[in-house]
file data19.txt (compact mmCIF, C-alpha atoms)
# COMPACT_ATOMS: atom_id res chain seq x y z
CA MET A 1 20.58 4.91 -17.82
CA GLN A 2 20.17 7.14 -14.78
CA VAL A 3 20.64 10.23 -16.93
CA LEU A 4 17.72 9.15 -19.12
CA LEU A 5 15.61 8.53 -16.03
CA PHE A 6 16.34 11.97 -14.61
CA LEU A 7 15.63 13.62 -17.98
CA LEU A 8 12.31 11.78 -18.16
CA LEU A 9 11.31 12.82 -14.65
CA SER A 10 12.52 16.40 -15.10
CA GLY A 11 10.56 16.81 -18.33
CA ALA A 12 7.44 15.37 -16.73
CA ALA A 13 7.86 17.64 -13.68
CA PHE A 14 8.22 20.66 -15.97
CA THR A 15 5.05 19.92 -17.92
CA ASP A 16 3.21 19.01 -14.72
CA LEU A 17 4.06 22.39 -13.24
CA TYR A 18 3.32 24.50 -16.31
CA LYS A 19 0.58 22.54 -18.08
CA ASP A 20 -0.86 20.66 -15.07
CA LYS A 21 -0.47 17.42 -17.00
CA ILE A 22 2.04 14.60 -17.39
CA TYR A 23 2.07 13.83 -21.07
CA ASN A 24 2.39 10.32 -22.48
CA PHE A 25 5.24 11.84 -24.50
CA TRP A 26 7.35 11.41 -21.34
CA VAL A 27 5.81 8.22 -20.02
CA ILE A 28 5.65 5.83 -22.98
CA PRO A 29 9.15 6.39 -24.42
CA GLY A 30 10.54 6.28 -20.88
CA LEU A 31 8.85 2.97 -20.13
CA LEU A 32 9.96 1.46 -23.44
CA THR A 33 13.53 2.73 -22.97
CA GLY A 34 13.78 1.35 -19.44
CA ILE A 35 12.45 -2.05 -20.46
CA THR A 36 14.65 -2.16 -23.58
CA CYS A 37 17.79 -1.27 -21.63
CA SER A 38 16.93 -3.94 -19.08
CA ALA A 39 16.36 -6.50 -21.84
CA ILE A 40 19.77 -5.69 -23.31
CA CYS A 41 21.36 -6.32 -19.90
CA GLY A 42 19.89 -9.82 -19.75
CA LYS A 43 16.90 -11.89 -18.81
CA SER A 44 17.23 -11.38 -15.05
CA SER A 45 17.46 -7.61 -15.49
CA LEU A 46 14.37 -7.64 -17.70
CA ILE A 47 12.42 -9.67 -15.13
CA ALA A 48 13.54 -7.28 -12.36
CA SER A 49 12.44 -4.29 -14.44
CA LEU A 50 9.03 -5.74 -15.23
CA THR A 51 8.59 -6.71 -11.59
CA ALA A 52 9.39 -3.17 -10.48
CA VAL A 53 6.84 -1.80 -12.97
CA GLY A 54 4.23 -4.23 -11.64
CA ILE A 55 4.99 -3.34 -8.03
CA ALA A 56 4.68 0.38 -8.82
CA PHE A 57 1.30 -0.27 -10.42
CA LEU A 58 0.05 -2.40 -7.53
CA LEU A 59 1.16 0.14 -4.91
CA LEU A 60 -0.20 3.21 -6.68
CA ILE A 61 -3.45 2.07 -8.30
CA PRO A 62 -5.35 2.05 -4.97
CA VAL A 63 -4.15 5.60 -4.31
CA TYR A 64 -5.41 6.56 -7.76
CA PHE A 65 -8.82 4.99 -7.09
CA PHE A 66 -9.14 7.04 -3.90
CA LYS A 67 -8.19 10.16 -5.92
CA GLY A 68 -4.90 10.63 -4.06
CA ILE A 69 -2.96 10.93 -7.31
CA ALA A 70 -3.82 11.18 -11.00
CA ALA A 71 -3.40 8.50 -13.68
CA GLY A 72 -0.41 10.35 -15.16
CA ASP A 73 1.37 10.07 -11.81
CA VAL A 74 0.82 6.30 -11.74
CA LYS A 75 2.09 5.98 -15.32
CA LEU A 76 5.10 8.20 -14.56
CA PHE A 77 6.11 6.04 -11.60
CA MET A 78 5.65 2.89 -13.65
CA SER A 79 7.89 4.40 -16.30
CA ALA A 80 10.51 5.34 -13.70
CA ALA A 81 10.27 1.86 -12.17
CA SER A 82 11.38 0.34 -15.48
CA PHE A 83 14.81 1.85 -14.75
CA LEU A 84 14.89 0.86 -11.07
CA SER A 85 15.13 -2.22 -8.90
CA VAL A 86 12.11 -3.27 -6.85
CA SER A 87 13.66 -1.91 -3.64
CA ASP A 88 14.55 1.41 -5.28
CA THR A 89 11.01 1.62 -6.67
CA VAL A 90 9.42 1.07 -3.27
CA SER A 91 11.76 3.50 -1.51
CA SER A 92 11.18 6.09 -4.25
CA ILE A 93 7.42 5.82 -3.82
CA ILE A 94 7.66 6.11 -0.04
CA THR A 95 10.00 9.08 -0.29
CA ALA A 96 7.75 10.76 -2.86
CA PHE A 97 4.74 10.47 -0.56
CA VAL A 98 6.72 11.90 2.36
CA VAL A 99 7.87 14.82 0.18
CA ALA A 100 4.30 15.34 -1.07
CA GLY A 101 3.11 15.39 2.54
CA VAL A 102 5.67 18.04 3.47
CA ILE A 103 4.69 20.13 0.45
CA SER A 104 1.01 19.74 1.32
CA LEU A 105 1.63 20.79 4.90
CA ALA A 106 3.57 23.83 3.72
CA VAL A 107 0.75 24.81 1.35
CA LEU A 108 -1.79 24.43 4.15
CA ILE A 109 0.25 26.59 6.51
CA ILE A 110 1.30 29.27 4.03
CA LYS A 111 -1.76 29.54 1.80
CA ARG A 112 -4.39 28.08 4.11
CA ASN A 113 -5.88 26.43 1.06
CA LYS A 114 -7.27 22.94 1.64
CA GLU A 115 -8.19 22.59 -2.03
CA ALA A 116 -4.71 23.25 -3.45
CA ARG A 117 -3.34 20.58 -5.78
CA ILE A 118 0.11 19.10 -5.48
CA HIS A 119 2.02 18.40 -8.67
CA PHE A 120 3.14 14.86 -7.85
CA ALA A 121 5.84 14.74 -10.55
CA ILE A 122 8.02 16.94 -8.30
CA PRO A 123 7.86 14.52 -5.33
CA ALA A 124 8.39 11.63 -7.78
CA LEU A 125 11.56 13.30 -9.08
CA VAL A 126 12.81 13.97 -5.55
CA GLY A 127 11.96 10.41 -4.46
CA VAL A 128 13.95 8.89 -7.29
CA LEU A 129 16.85 11.30 -6.71
CA PHE A 130 17.04 10.27 -3.07
CA SER A 131 16.66 6.56 -3.77
CA VAL A 132 19.05 6.31 -6.70
CA GLY A 133 21.37 9.21 -6.04
CA GLY A 134 21.54 8.86 -2.27
CA THR A 135 21.09 12.54 -1.49
CA LEU A 136 20.47 15.68 -3.48
call {"tool": "encode", "arguments": {"input": "data19.txt", "output": "structure tokens"}}
result
Amino acid sequence: MQVLLFLLLSGAAFTDLYKDKIYNFWVIPGLLTGITCSAICGKSSLIASLTAVGIAFLLLIPVYFFKGIAAGDVKLFMSAASFLSVSDTVSSIITAFVVAGVISLAVLIIKRNKEARIHFAIPALVGVLFSVGGTL
């Protein structure tokens, strides 16, 4: 299942970088696959998956409303959460925001551009890699 998750996040990161958009082509099948795999593993796994998706939504929707991230980023993290436990979801989100902060700081220092956009699919991928894979 982790391979599917990393393929999903890598594809979304690629399209986010080159098309400036996270397509539902990555998000919807990923969410359905994560939930289906969890359902196959049993009722408790399905409940844990749906809880992780809900937690991702609840944590990220306020950030979306304050224009900190885009709707595609929220949907991508919800899709990734369907593969993760609640604790892995929360640690992935925290790690992703730390990585996004480091990238933002680097952009500010190097380019001196306060209006530059960060492609959040990259920090999302790194956050999940650190949370699930331990280290890169």
call {"tool": "residues_around", "arguments": {"input": "data19.txt", "residues": "range 67-81 of chain A", "least_positions_apart": "4", "cutoff": "10 Å", "atoms": "only C-alpha atoms", "output": "MDAnalysis selection string"}}
result
chainID A and resid 2 4:6 8:9 12:13 16 21:24 26:35 48:63 85:90 92:93 117:121 124:125 128
call {"tool": "write_last_selection", "arguments": {"input": "data19.txt", "atoms": "C-alpha atoms", "output": "mmCIF file, in the frame of the given file"}}
result
data_model
loop_
_atom_site.group_PDB
_atom_site.id
_atom_site.type_symbol
_atom_site.label_atom_id
_atom_site.label_comp_id
_atom_site.auth_asym_id
_atom_site.auth_seq_id
_atom_site.Cartn_x
_atom_site.Cartn_y
_atom_site.Cartn_z
ATOM 1 C CA GLN A 2 20.170 7.140 -14.780
ATOM 2 C CA LEU A 4 17.720 9.150 -19.120
ATOM 3 C CA LEU A 5 15.610 8.530 -16.030
ATOM 4 C CA PHE A 6 16.340 11.970 -14.610
ATOM 5 C CA LEU A 8 12.310 11.780 -18.160
ATOM 6 C CA LEU A 9 11.310 12.820 -14.650
ATOM 7 C CA ALA A 12 7.440 15.370 -16.730
ATOM 8 C CA ALA A 13 7.860 17.640 -13.680
ATOM 9 C CA ASP A 16 3.210 19.010 -14.720
ATOM 10 C CA LYS A 21 -0.470 17.420 -17.000
ATOM 11 C CA ILE A 22 2.040 14.600 -17.390
ATOM 12 C CA TYR A 23 2.070 13.830 -21.070
ATOM 13 C CA ASN A 24 2.390 10.320 -22.480
ATOM 14 C CA TRP A 26 7.350 11.410 -21.340
ATOM 15 C CA VAL A 27 5.810 8.220 -20.020
ATOM 16 C CA ILE A 28 5.650 5.830 -22.980
ATOM 17 C CA PRO A 29 9.150 6.390 -24.420
ATOM 18 C CA GLY A 30 10.540 6.280 -20.880
ATOM 19 C CA LEU A 31 8.850 2.970 -20.130
ATOM 20 C CA LEU A 32 9.960 1.460 -23.440
ATOM 21 C CA THR A 33 13.530 2.730 -22.970
ATOM 22 C CA GLY A 34 13.780 1.350 -19.440
ATOM 23 C CA ILE A 35 12.450 -2.050 -20.460
ATOM 24 C CA ALA A 48 13.540 -7.280 -12.360
ATOM 25 C CA SER A 49 12.440 -4.290 -14.440
ATOM 26 C CA LEU A 50 9.030 -5.740 -15.230
ATOM 27 C CA THR A 51 8.590 -6.710 -11.590
ATOM 28 C CA ALA A 52 9.390 -3.170 -10.480
ATOM 29 C CA VAL A 53 6.840 -1.800 -12.970
ATOM 30 C CA GLY A 54 4.230 -4.230 -11.640
ATOM 31 C CA ILE A 55 4.990 -3.340 -8.030
ATOM 32 C CA ALA A 56 4.680 0.380 -8.820
ATOM 33 C CA PHE A 57 1.300 -0.270 -10.420
ATOM 34 C CA LEU A 58 0.050 -2.400 -7.530
ATOM 35 C CA LEU A 59 1.160 0.140 -4.910
ATOM 36 C CA LEU A 60 -0.200 3.210 -6.680
ATOM 37 C CA ILE A 61 -3.450 2.070 -8.300
ATOM 38 C CA PRO A 62 -5.350 2.050 -4.970
ATOM 39 C CA VAL A 63 -4.150 5.600 -4.310
ATOM 40 C CA SER A 85 15.130 -2.220 -8.900
ATOM 41 C CA VAL A 86 12.110 -3.270 -6.850
ATOM 42 C CA SER A 87 13.660 -1.910 -3.640
ATOM 43 C CA ASP A 88 14.550 1.410 -5.280
ATOM 44 C CA THR A 89 11.010 1.620 -6.670
ATOM 45 C CA VAL A 90 9.420 1.070 -3.270
ATOM 46 C CA SER A 92 11.180 6.090 -4.250
ATOM 47 C CA ILE A 93 7.420 5.820 -3.820
ATOM 48 C CA ARG A 117 -3.340 20.580 -5.780
ATOM 49 C CA ILE A 118 0.110 19.100 -5.480
ATOM 50 C CA HIS A 119 2.020 18.400 -8.670
ATOM 51 C CA PHE A 120 3.140 14.860 -7.850
ATOM 52 C CA ALA A 121 5.840 14.740 -10.550
ATOM 53 C CA ALA A 124 8.390 11.630 -7.780
ATOM 54 C CA LEU A 125 11.560 13.300 -9.080
ATOM 55 C CA VAL A 128 13.950 8.890 -7.290
#
call {"tool": "atom_distance", "arguments": {"input": "data19.txt", "atom1": "CA of Phe65 in chain A", "atom2": "CA of Ser82 in chain A"}}
result
22.4 Å
call {"tool": "closest_residue", "arguments": {"input": "data19.txt", "among": "A:Ala116, A:Phe97, A:Ser104, A:Phe83", "to": "Ser38 in chain A", "atoms": "all atoms listed in the file"}}
result
A:Phe83
call {"tool": "atom_distance", "arguments": {"input": "data19.txt", "atom1": "CA of Gly133 in chain A", "atom2": "CA of Val3 in chain A"}}
result
11.0 Å
call {"tool": "atom_distance", "arguments": {"input": "data19.txt", "atom1": "CA of Leu84 in chain A", "atom2": "CA of Cys41 in chain A"}}
result
13.1 Å
call {"tool": "closest_residue", "arguments": {"input": "data19.txt", "among": "A:Leu46, A:Met1, A:Ile103, A:Tyr18", "to": "Val132 in chain A", "atoms": "all atoms listed in the file"}}
result
A:Met1
call {"tool": "axis_aligned_box", "arguments": {"input": "data19.txt", "around": "range 31-44 of chain A", "padding_each_side": "8 Å", "output": "AutoDock Vina command-line options"}}
result
--center_x 15.1 --center_y -4.5 --center_z -19.3 --size_x 28.5 --size_y 30.9 --size_z 24.5
